[in-house]
Amino acid sequence: MKIPYYPGCTLNTVAKHFDASARDAAVSMGFEMEELAQWNCCGATFPLTPDNLIGLTAPAKVLSNARKAGDTLTTLCSVCYNVLKRTNKVMKDSKEKRAVVNGFIEEEYDGSLNIIHYLEVLRDRVGFVKVKEAVKRPLKGVKAGCYYGCMLLRPFEDIGIDNAERPTVFEDLLRALGAEVVDFPNKIECCGAHLAMNNEDVVVRLSGNVMTSAVGMGAELIVTSCPLCQYNLEKSQPKVSERTAGYAGVPIAYFTQILGLALGQPVEGLGFEKNATDIMPLLQKKGIV
Amino acid sequence: MPRIGVFVCQCGNNIASTVDTKKVAGEMSKLPGVVFTCDYKFMCSSPGQEMLKQAIKENKLDGVIVSACSPHMHEKTFRKASEAAGLNPYQCEITNIREQCSWVHHDKTRATGTVKSIDLTRMTIERLKRNKPLKKIKIPVRKKALVIGGGIAGIQAALDIAEGGRDVILVEKEPSIGGNMARLSETFPTMDCSQCILTPKMVEAELNERITLYTYSEVEKVDGYIGNFTVQIRRKSKYVDEDRCTGCGECIEKCPFKVESQFELNLTKRKVIYTPFPQSVPNVPVIDAPNCPKIQKDKCGACAIACGPKCIDFKMQDKIVTEEVGAIVVATGYQLMPNERFGEYGYGRIKDVISGMQFERLASSSGPTGGEIRRPSDGKVPQSVVFIQCVGSRDEKKGVSYCSKVCCMYTAKHTMLYSHKVHGGQAYVFYMDIRSGGKRYEEFVRKAIEHDNAMYLRGRVSRVYEKDGRVVVQGADTLSGSQVEIEADMVVLATAIVSREGADTLAQRLGIGYDKDKFYNEYHPKLRPVETVTAGIFLAGTCMGPMDIPESVAQGSAAASKVLALFSADEMAREPITSVVNRATCNACWDCLTACPYSAIERESVKDRQGNIVRWLAKVNEGVCQGCGVCVAACRSKSIDLRGYTDEQVYAAINAF
Ligand SMILES: Cc1cc2nc3c(=O)[nH]c(=O)nc-3n(C[C@H](O)[C@H](O)[C@H](O)COP(=O)(O)OP(=O)(O)OC[C@H]3O[C@@H](n4cnc5c(N)ncnc54)[C@H](O)[C@@H]3O)c2cc1C
Ligand code: SF4
Ligand code: SF4
């Protein structure tokens with residue numbers, strides 16, 4: 001099974017290990033992520049306001065290129081996923097906006113692409129039962145907190161990957177990998193997102209809430225699906241440790257790294273050294289490596 | 001030659017400012033058949049009516065036209081005056097030259113308005129010339145009422161109708177009457193105990209000789225029309241002979257199996273043979289068949305052994321009874337929106353997050369905790385409770401668009417009950433706005449805040465989660481502009497009031513309308529609040545939308561007074577504007593039957609002397625026909641006509657234009 005894949009800018013630069021681990025894991029799960037021959041930035045920070053159509057042109061271009069490669073497109077970064085999926089909905093539902101955007105990018109795209117997140121590929125196409133069978137290095141005893149953030153889930157009507165208030169897809173995957181899942185209240189709260197650029201304090205507070213609430217509920221590891229979440233959590237960690245009595249930090253990793261680990265891929269190839277936090281002591285303690 | 005009189009009204013300046021009424025009258029006098037014309041300041045005043053009567057007599061008029069306001073306003077007035085002067089009332093016709101003419105034209109030279117009034121009146125004259133004298137239709141009225149739903153609204157309606165000397169059948173689908181009010185602890189704004197004020201009414205309904213109670217029953221089919229409904233009621237098998245049961249409760253005592261109690265909203269369990277609550281009316285238990293091993297697999301039977309009068313019959317079947325009634329009151333009430341829909345509040349996942357109705361049961365002296373506020377998870381007395389208002393209400397995205405109206409009040413009540421029962425306990429309330437319109441309602445809320453120290457926070461809650469045996473509530477306080485986090489022992493959700501499941505099916509069965517939220521539609525929201533568009537069917541209580549007990553009771557009484565007014569005569573008179581079938585040309589294609597929105601068309605068979613059916617014909621049920629004319633348009637062979645608006649009349653009017 002080959003699935004057309006849109007990596008996005010971040011996964012092509014600072015989050016290369018997110019990209020690489022996902023591709024490797026795909027291969028051992030029996031499918032291939034086929035990168036689009038041609039793609040551009042999804043627009044990321046462009047707000048998807050209803051009347052600002054210029055923001056839609058970049059993602060619409062990606063979509064129209066992708067449609068030429070097939071009827072499905074998968075992606076990993078939560079922001080790309082959010083932007084592509086919502087743009088696709090606009091292109092499908094609104095005749096007027098579709099006409100304007102298509103006119104601008106000189107394409108005839110009709111919104112007929114099926115945008116699915118890598119997690120959905122695992123859940124709906126491969127199946128978590130199969131994932132579980134493929135596990136070679138079960139994460140026995142690892143208490144993991146799954147951090148969804150905002151973009152993977154909301155707005156619910158547009159995204160619909162899972163129940164927006166009580167999602168389980170991430171937990172179901174981690175359970176299939178043999179981990180013990182820890183439920184924590186801030187798992188679908190915001191990390192501070194782009195405020196990282198101009199208001200670090202807010203980011204430290206919000207990301208801090210995520211980490212301390214997870215650790216408070218017993219998590220020994222936080223798993224993420226978004227480069228921006230990963231960045232904010234990692235970046236805030238020292239300050240949070242400084243400010244919070246009794247908080248000693250927690251390792252943070254992309255879910256694809258954890259997936260690759262469980263599937264038995266060589267630990268060296270998973271890019272753990274690129275994460276700002278060190279997961280090794282935990283893995284050694286649990287006897288996984 | 002007809003002798004027609006035309007009366008043109010000035011309506012003060014309402015008509016006269018844009019219509020030259022004198023000119024209209026003058027033009028009309030030139031038409032053949034018109035023998036009298038005049039214009040006058042106020043035709044509807046008593047001198048105006050006198051003038052009309054006198055003109056009819058003096059000029060021996062056989063038809064009159066009043067060109068004035070809409071027939072909705074004064075058609076009745078002028079027809080009555082004409083009748084008093086010896087004319088068939090349906091020989092009086094109205095031309096609307098106000099709402100559809102003078103009010104919509106602003107031409108002060110009066111050119112447009114006058115020309116249009118002349119045209120309209122001339123058309124009416126041509127229609128009137130072809131009028132046939134009509135007689136009011138008399139329908140016999142069966143003076144017995146059906147009330148569907150035995151909540152407080154339905155009970156009140158039944159009691160008032162019985163008090164007025166008429167028989168009532170009260171149908172309730174649960175094993176006991178009482179409805180939601182039976183669950184309440186104390187009631188705002190006076191804080192009287194709900195059971196204490198409700199139970200006497202329930203007992204009265206049971207003992208009143210004019211009231212027949214059908215509990216555990218549902219209406220299956222409704223036929224007929226005002227004054228003459230035929231209703232089929234399914235009396236579900238209780239497995240207990242109601243007539244012989246003494247209500248001793250031995251059976252309940254001996255039943256070895258327990259299941260969740262719906263009446264207690266799953267806060268406790270009940271036996272498989274049960275009465276919903278101790279004061280149930282009638283005090284006859286029913287067996288919950290799907291959960292009874294005796295009925296399912298012939299194992300047990302303990303209750304039957306325990307029963308002294310031997311009234312338990314495991315083979316009992318549902319019964320269908322047919323009743324003939326003249327009027328129906330629908331009072332089927334409300335239910336609450338499922339809280340599970342709001343994942344962020346953790347209902348169903350966190351044990352100590354409960355609904356407002358569950359809180360009523362905790363506070364009720366006949367509830368599972370005997371009236372002590374104890375939280376479900378471990379039975380501890382909560383030292384702090386967070387109440388969240390507007391859960392689903394005023395939330396178009398996830399819930400309903402409307403305000404549930406009673407939650408602000410009952411939440412204030414809950415904080416009071418809580419602070420009275422748990423001294424030193426702290427209540428917090430998250431609200432959007434406080435809506436306390438009603439007599440002494442605002443004072444009631446103030447009292448909760450000022451006297452009972454409830455802490456009101458204006459803002460929404462974003463998340464509720466469990467931590468170390470407590471329930472943490474995260475929310476916003478928009479007045480201080482800050483985010484708050486409260487560690488509480490229990491959370492109470494004021495969930496939206498919604499229409500009953502199946503409300504639409506019942507409405508379709510009855511032929512009454514409902515809105516987008518499946519609440520029943522009143523005929524007119526202000527002026528006819530307890531009637532429906534279907535004559536003879538009335539509404540009361542929360543089946544129409546959220547309301548409190550005083551309003552539900554007032555509506556129950558209002559519906560009863562409508563029923564009693566209908567029953568005050570042996571026959572009721574109806575306007576004769578109904579359709580008639582031409583029996584010579586009808587070819588029984590049944591197009592009219594499918595077209596009629598009121599199901600007023602019936603199939604009639606024509607038999608020969610031997611009794612063999614030789615032909616079929618459409619027949620109009622005059623009791624049901626609303627005179628809408630849809631059938632007339634549908635009939636391809638032009639075999640149906642509408643009295644007062646026959647094709648001939650309508651074409652003549654158009655030709656006169
Ligand atoms: C938590 C809470 C607290 C409240 N506290 C107060 C208070 O303190 N003071 C106050 O004034 N109001 C209060 N209210 C409002 C009050 O409950 C209602 O105003 C009142 O109960 C409405 O009565 P009803 O007869 O219209 O409806 P219901 O009480 O709902 O009665 C309807 C009845 O019809 C029956 N029924 C339904 N469908 C059918 C059918 N198809 N066939 C036969 N029977 C049927 C039902 O079983 C039920 O018995 C509160 C409401 C809530 C949710
Ligand atoms: S037969 Fe059914 S209702 Fe009677 S006691 Fe046994 S379980 Fe209870
Ligand atoms: S034991 Fe018999 S008489 Fe007594 S309540 Fe039960 S059914 Fe009625």
# chains A, B, ... in the order shown; residues from 1 in each chain; ligands from 1
$ interface_residues --of "chain A" --to "chain B" --cutoff "6 Å" --atoms "only C-alpha atoms" --output "ChimeraX atom specification"
/A:165-166,185
$ select_by_dssp --residues "segment 136-286 of chain A" --states "alpha helix (DSSP H)" --output "ChimeraX atom specification"
/A:156-159,169-176,200-216,227-243,255-262,280-285
$ residues_around --residues "Val250 of chain A" --least-positions-apart "6" --cutoff "10 Å" --atoms "only C-alpha atoms" --output "list in words"
Met211, Thr212, Ala214, Val215, Ala219, Glu220, Leu221, Ile222, Leu233, Glu234, Gln237, Ser241, Thr277, Asp278, Ile279 and Leu282 of chain A
$ write_last_selection --atoms "N, CA, C and O atoms" --output "CSV table (one decimal), in the first residue's frame"
chain,number,residue,atom,x,y,z
A,211,MET,N,2.5,19.8,31.1
A,211,MET,CA,3.5,18.8,31.6
A,211,MET,C,3.3,18.5,33.1
A,211,MET,O,3.3,17.3,33.5
A,212,THR,N,3.0,19.5,33.9
A,212,THR,CA,2.9,19.2,35.3
A,212,THR,C,1.6,18.4,35.5
A,212,THR,O,1.5,17.5,36.4
A,214,ALA,N,0.3,16.2,33.5
A,214,ALA,CA,0.6,14.8,33.0
A,214,ALA,C,1.4,14.1,34.1
A,214,ALA,O,1.1,13.0,34.5
A,215,VAL,N,2.4,14.8,34.6
A,215,VAL,CA,3.3,14.2,35.6
A,215,VAL,C,2.5,14.0,36.9
A,215,VAL,O,2.7,12.9,37.5
A,219,ALA,N,2.4,10.4,34.7
A,219,ALA,CA,3.1,10.1,33.4
A,219,ALA,C,4.6,10.2,33.6
A,219,ALA,O,5.1,11.0,34.3
A,220,GLU,N,5.3,9.2,32.9
A,220,GLU,CA,6.8,9.2,32.9
A,220,GLU,C,7.3,9.7,31.5
A,220,GLU,O,8.5,9.8,31.3
A,221,LEU,N,6.3,9.9,30.6
A,221,LEU,CA,6.7,10.2,29.2
A,221,LEU,C,5.5,10.9,28.6
A,221,LEU,O,4.4,10.6,28.8
A,222,ILE,N,5.8,12.0,27.8
A,222,ILE,CA,4.7,12.6,27.1
A,222,ILE,C,5.0,12.4,25.6
A,222,ILE,O,6.1,12.6,25.1
A,233,LEU,N,6.9,22.4,24.4
A,233,LEU,CA,7.1,21.7,25.7
A,233,LEU,C,8.6,21.6,26.0
A,233,LEU,O,9.0,21.8,27.1
A,234,GLU,N,9.4,21.2,25.0
A,234,GLU,CA,10.8,21.0,25.2
A,234,GLU,C,11.4,22.3,25.7
A,234,GLU,O,12.2,22.4,26.6
A,237,GLN,N,10.5,23.4,29.3
A,237,GLN,CA,10.8,22.5,30.3
A,237,GLN,C,11.7,23.0,31.4
A,237,GLN,O,11.4,23.0,32.6
A,241,SER,N,10.7,23.6,35.3
A,241,SER,CA,11.3,22.9,36.4
A,241,SER,C,11.8,23.9,37.4
A,241,SER,O,11.7,23.7,38.6
A,277,THR,N,14.9,16.5,25.3
A,277,THR,CA,14.9,15.7,26.6
A,277,THR,C,15.4,14.3,26.4
A,277,THR,O,15.3,13.8,25.3
A,278,ASP,N,15.9,13.7,27.4
A,278,ASP,CA,16.6,12.4,27.2
A,278,ASP,C,15.6,11.3,27.7
A,278,ASP,O,15.3,11.2,28.8
A,279,ILE,N,15.3,10.5,26.7
A,279,ILE,CA,14.3,9.4,27.0
A,279,ILE,C,15.0,8.1,27.5
A,279,ILE,O,14.5,7.2,28.1
A,282,LEU,N,14.8,6.5,31.1
A,282,LEU,CA,13.5,5.8,31.3
A,282,LEU,C,13.5,4.5,30.6
A,282,LEU,O,13.1,3.5,31.2
$ closest_residue --among "A:Asn114, A:Ser207, A:Ser225, A:Ser213" --to "Pro238 of chain A" --atoms "only C-alpha atoms"
A:Ser207
$ closest_atom_pairs --of "chain B" --to "ligand 2" --cutoff "6 Å" --atoms "only C-alpha atoms and all ligand atoms" --output "JSON lines"
{"residue": "B:Cys255", "atom": "CA", "partner": "ligand 2", "partner_atom_place_in_ligand_line": "5 (S)", "distance": 3.4}
{"residue": "B:Pro256", "atom": "CA", "partner": "ligand 2", "partner_atom_place_in_ligand_line": "5 (S)", "distance": 6.0}
{"residue": "B:Phe257", "atom": "CA", "partner": "ligand 2", "partner_atom_place_in_ligand_line": "7 (S)", "distance": 5.5}
{"residue": "B:Val272", "atom": "CA", "partner": "ligand 2", "partner_atom_place_in_ligand_line": "8 (Fe)", "distance": 4.8}
{"residue": "B:Ile273", "atom": "CA", "partner": "ligand 2", "partner_atom_place_in_ligand_line": "3 (S)", "distance": 4.1}
{"residue": "B:Ile287", "atom": "CA", "partner": "ligand 2", "partner_atom_place_in_ligand_line": "3 (S)", "distance": 5.1}
{"residue": "B:Cys292", "atom": "CA", "partner": "ligand 2", "partner_atom_place_in_ligand_line": "2 (Fe)", "distance": 4.1}
{"residue": "B:Pro293", "atom": "CA", "partner": "ligand 2", "partner_atom_place_in_ligand_line": "7 (S)", "distance": 5.5}
{"residue": "B:Lys294", "atom": "CA", "partner": "ligand 2", "partner_atom_place_in_ligand_line": "1 (S)", "distance": 4.6}
{"residue": "B:Cys300", "atom": "CA", "partner": "ligand 2", "partner_atom_place_in_ligand_line": "6 (Fe)", "distance": 4.7}
{"residue": "B:Gly301", "atom": "CA", "partner": "ligand 2", "partner_atom_place_in_ligand_line": "1 (S)", "distance": 3.6}
{"residue": "B:Ala302", "atom": "CA", "partner": "ligand 2", "partner_atom_place_in_ligand_line": "5 (S)", "distance": 4.2}
{"residue": "B:Cys303", "atom": "CA", "partner": "ligand 2", "partner_atom_place_in_ligand_line": "5 (S)", "distance": 4.0}
$ write_last_selection --atoms "N, CA and C atoms" --output "JSON list (two decimals), in the first residue's frame"
[["chain", "number", "residue", "atom", "x", "y", "z"],
["B", 255, "CYS", "N", -39.39, -9.88, 46.21],
["B", 255, "CYS", "CA", -38.70, -10.01, 44.91],
["B", 255, "CYS", "C", -37.19, -9.98, 45.15],
["B", 256, "PRO", "N", -36.46, -11.00, 44.69],
["B", 256, "PRO", "CA", -35.03, -11.08, 45.00],
["B", 256, "PRO", "C", -34.12, -10.31, 44.04],
["B", 257, "PHE", "N", -34.68, -9.71, 42.99],
["B", 257, "PHE", "CA", -33.81, -9.09, 41.99],
["B", 257, "PHE", "C", -33.93, -7.58, 41.96],
["B", 272, "VAL", "N", -37.49, -5.69, 40.77],
["B", 272, "VAL", "CA", -38.02, -5.92, 39.42],
["B", 272, "VAL", "C", -39.53, -5.69, 39.42],
["B", 273, "ILE", "N", -40.22, -6.07, 40.51],
["B", 273, "ILE", "CA", -41.62, -5.67, 40.65],
["B", 273, "ILE", "C", -41.58, -4.43, 41.54],
["B", 287, "ILE", "N", -44.60, -5.28, 37.02],
["B", 287, "ILE", "CA", -43.39, -6.08, 36.83],
["B", 287, "ILE", "C", -42.67, -5.56, 35.60],
["B", 292, "CYS", "N", -37.49, -9.53, 34.41],
["B", 292, "CYS", "CA", -38.04, -10.53, 35.32],
["B", 292, "CYS", "C", -37.73, -11.93, 34.82],
["B", 293, "PRO", "N", -36.97, -12.70, 35.59],
["B", 293, "PRO", "CA", -36.61, -14.05, 35.14],
["B", 293, "PRO", "C", -37.81, -14.98, 35.02],
["B", 294, "LYS", "N", -38.86, -14.70, 35.79],
["B", 294, "LYS", "CA", -40.04, -15.57, 35.69],
["B", 294, "LYS", "C", -40.67, -15.41, 34.30],
["B", 300, "CYS", "N", -38.28, -18.28, 39.17],
["B", 300, "CYS", "CA", -38.58, -17.38, 40.30],
["B", 300, "CYS", "C", -40.07, -17.43, 40.64],
["B", 301, "GLY", "N", -40.78, -16.32, 40.49],
["B", 301, "GLY", "CA", -42.20, -16.33, 40.86],
["B", 301, "GLY", "C", -42.43, -16.02, 42.32],
["B", 302, "ALA", "N", -41.42, -15.50, 43.01],
["B", 302, "ALA", "CA", -41.52, -15.22, 44.45],
["B", 302, "ALA", "C", -42.66, -14.26, 44.77],
["B", 303, "CYS", "N", -42.88, -13.27, 43.91],
["B", 303, "CYS", "CA", -43.89, -12.25, 44.19],
["B", 303, "CYS", "C", -45.28, -12.87, 44.22]]
$ closest_residue --among "B:Asp119, B:Asp223, B:Glu204, B:Asp313" --to "ligand 3" --atoms "only C-alpha atoms and all ligand atoms"
B:Asp313
$ residues_around --residues "segment 195-198 of chain A" --least-positions-apart "5" --cutoff "12 Å" --atoms "only C-alpha atoms" --output "JSON list (two decimals) with C-alpha atoms, in the first residue's frame"
[["chain", "number", "residue", "atom", "x", "y", "z"],
["A", 45, "THR", "CA", 0.06, 30.55, 10.35],
["A", 190, "CYS", "CA", -3.24, 24.55, 24.07],
["A", 203, "VAL", "CA", 3.86, 29.49, 26.58],
["A", 204, "VAL", "CA", 5.77, 28.54, 29.71],
["A", 205, "ARG", "CA", 2.57, 28.70, 31.73],
["A", 206, "LEU", "CA", 0.43, 26.70, 29.28],
["A", 207, "SER", "CA", 3.06, 24.15, 28.34],
["A", 228, "LEU", "CA", 5.07, 23.04, 17.54],
["A", 229, "CYS", "CA", 3.77, 21.30, 20.65],
["A", 231, "TYR", "CA", 9.03, 22.52, 20.52],
["A", 232, "ASN", "CA", 7.05, 24.45, 23.12],
["A", 233, "LEU", "CA", 7.10, 21.67, 25.68],
["A", 234, "GLU", "CA", 10.80, 21.04, 25.19],
["A", 235, "LYS", "CA", 11.66, 24.70, 25.26],
["A", 236, "SER", "CA", 9.62, 25.45, 28.37]]
$ residues_near_ligand --ligand "ligand 3" --cutoff "12 Å" --atoms "only C-alpha atoms and all ligand atoms" --output "ChimeraX atom specification"
/B:238-255,271-275,278,280,282-287,301-314
$ write_last_selection --atoms "C-alpha atoms" --output "short mmCIF file (atom, residue, chain, number, x, y, z; two decimals), in the first residue's frame"
data_model
loop_
_atom_site.label_atom_id
_atom_site.label_comp_id
_atom_site.auth_asym_id
_atom_site.auth_seq_id
_atom_site.Cartn_x
_atom_site.Cartn_y
_atom_site.Cartn_z
CA LYS B 238 -48.63 -4.62 34.55
CA TYR B 239 -48.77 -8.35 35.37
CA VAL B 240 -50.75 -7.29 38.45
CA ASP B 241 -54.54 -7.17 38.59
CA GLU B 242 -55.19 -3.52 39.43
CA ASP B 243 -58.67 -4.12 40.75
CA ARG B 244 -57.67 -6.69 43.32
CA CYS B 245 -54.26 -5.39 44.37
CA THR B 246 -54.35 -3.91 47.87
CA GLY B 247 -51.01 -2.17 47.55
CA CYS B 248 -49.59 -4.06 50.53
CA GLY B 249 -46.15 -4.28 48.89
CA GLU B 250 -45.45 -7.88 49.98
CA CYS B 251 -44.48 -8.75 46.42
CA ILE B 252 -41.88 -6.00 46.27
CA GLU B 253 -40.48 -7.12 49.59
CA LYS B 254 -40.02 -10.69 48.40
CA CYS B 255 -38.70 -10.01 44.91
CA LYS B 271 -36.87 -4.32 42.68
CA VAL B 272 -38.02 -5.92 39.42
CA ILE B 273 -41.62 -5.67 40.65
CA TYR B 274 -41.94 -2.08 41.75
CA THR B 275 -43.79 1.16 42.16
CA PRO B 278 -43.58 5.27 47.67
CA SER B 280 -47.21 6.34 43.61
CA PRO B 282 -52.16 4.23 41.78
CA ASN B 283 -50.31 2.30 44.46
CA VAL B 284 -50.14 -0.82 42.34
CA PRO B 285 -46.81 -2.36 41.44
CA VAL B 286 -45.85 -3.41 37.92
CA ILE B 287 -43.39 -6.08 36.83
CA GLY B 301 -42.20 -16.33 40.86
CA ALA B 302 -41.52 -15.22 44.45
CA CYS B 303 -43.89 -12.25 44.19
CA ALA B 304 -46.87 -14.38 43.20
CA ILE B 305 -46.32 -16.62 46.18
CA ALA B 306 -46.10 -13.63 48.50
CA CYS B 307 -49.20 -11.91 47.16
CA GLY B 308 -52.16 -12.46 49.50
CA PRO B 309 -55.02 -11.67 47.10
CA LYS B 310 -53.24 -13.60 44.33
CA CYS B 311 -53.37 -10.81 41.80
CA ILE B 312 -50.12 -11.49 39.99
CA ASP B 313 -50.53 -13.03 36.56
CA PHE B 314 -47.35 -13.66 34.61
#
$ decode --residues "segment 494-515 of chain B" --atoms "N, CA and C atoms" --output "short mmCIF file (atom, residue, chain, number, x, y, z; two decimals), in the first residue's frame"
data_model
loop_
_atom_site.label_atom_id
_atom_site.label_comp_id
_atom_site.auth_asym_id
_atom_site.auth_seq_id
_atom_site.Cartn_x
_atom_site.Cartn_y
_atom_site.Cartn_z
N ALA B 494 -26.71 21.85 35.29
CA ALA B 494 -28.09 22.27 35.00
C ALA B 494 -28.35 22.04 33.51
N THR B 495 -28.82 20.84 33.21
CA THR B 495 -28.92 20.42 31.81
C THR B 495 -30.17 20.94 31.14
N ALA B 496 -30.05 21.13 29.84
CA ALA B 496 -31.16 21.70 29.06
C ALA B 496 -32.42 20.84 29.11
N ILE B 497 -33.54 21.53 29.18
CA ILE B 497 -34.84 20.88 29.09
C ILE B 497 -35.16 20.68 27.61
N VAL B 498 -35.47 19.45 27.23
CA VAL B 498 -35.79 19.19 25.83
C VAL B 498 -37.14 18.46 25.73
N SER B 499 -37.64 18.37 24.51
CA SER B 499 -38.92 17.72 24.33
C SER B 499 -38.76 16.21 24.53
N ARG B 500 -39.88 15.57 24.82
CA ARG B 500 -39.85 14.12 25.08
C ARG B 500 -39.44 13.35 23.85
N GLU B 501 -38.72 12.27 24.06
CA GLU B 501 -38.46 11.38 22.96
C GLU B 501 -39.81 10.89 22.44
N GLY B 502 -39.98 10.90 21.14
CA GLY B 502 -41.26 10.44 20.57
C GLY B 502 -42.32 11.51 20.53
N ALA B 503 -41.96 12.75 20.90
CA ALA B 503 -42.94 13.84 20.87
C ALA B 503 -43.46 14.04 19.44
N ASP B 504 -42.56 13.85 18.46
CA ASP B 504 -42.99 14.04 17.07
C ASP B 504 -43.97 12.97 16.61
N THR B 505 -43.72 11.73 17.03
CA THR B 505 -44.63 10.65 16.63
C THR B 505 -46.02 10.91 17.17
N LEU B 506 -46.10 11.32 18.44
CA LEU B 506 -47.41 11.59 19.04
C LEU B 506 -48.09 12.75 18.31
N ALA B 507 -47.30 13.77 17.97
CA ALA B 507 -47.88 14.93 17.28
C ALA B 507 -48.46 14.50 15.94
N GLN B 508 -47.75 13.63 15.24
CA GLN B 508 -48.25 13.17 13.94
C GLN B 508 -49.52 12.35 14.11
N ARG B 509 -49.55 11.58 15.19
CA ARG B 509 -50.74 10.79 15.47
C ARG B 509 -51.95 11.70 15.72
N LEU B 510 -51.69 12.83 16.38
CA LEU B 510 -52.77 13.74 16.74
C LEU B 510 -53.06 14.76 15.65
N GLY B 511 -52.10 14.93 14.74
CA GLY B 511 -52.27 15.96 13.72
C GLY B 511 -52.07 17.36 14.26
N ILE B 512 -51.11 17.53 15.17
CA ILE B 512 -50.79 18.87 15.66
C ILE B 512 -49.36 19.21 15.26
N GLY B 513 -49.03 20.50 15.29
CA GLY B 513 -47.72 20.93 14.80
C GLY B 513 -46.68 20.99 15.90
N TYR B 514 -45.40 20.95 15.49
CA TYR B 514 -44.32 21.11 16.46
C TYR B 514 -43.20 21.91 15.81
N ASP B 515 -42.33 22.50 16.67
CA ASP B 515 -41.27 23.36 16.13
C ASP B 515 -39.98 22.58 15.92
#
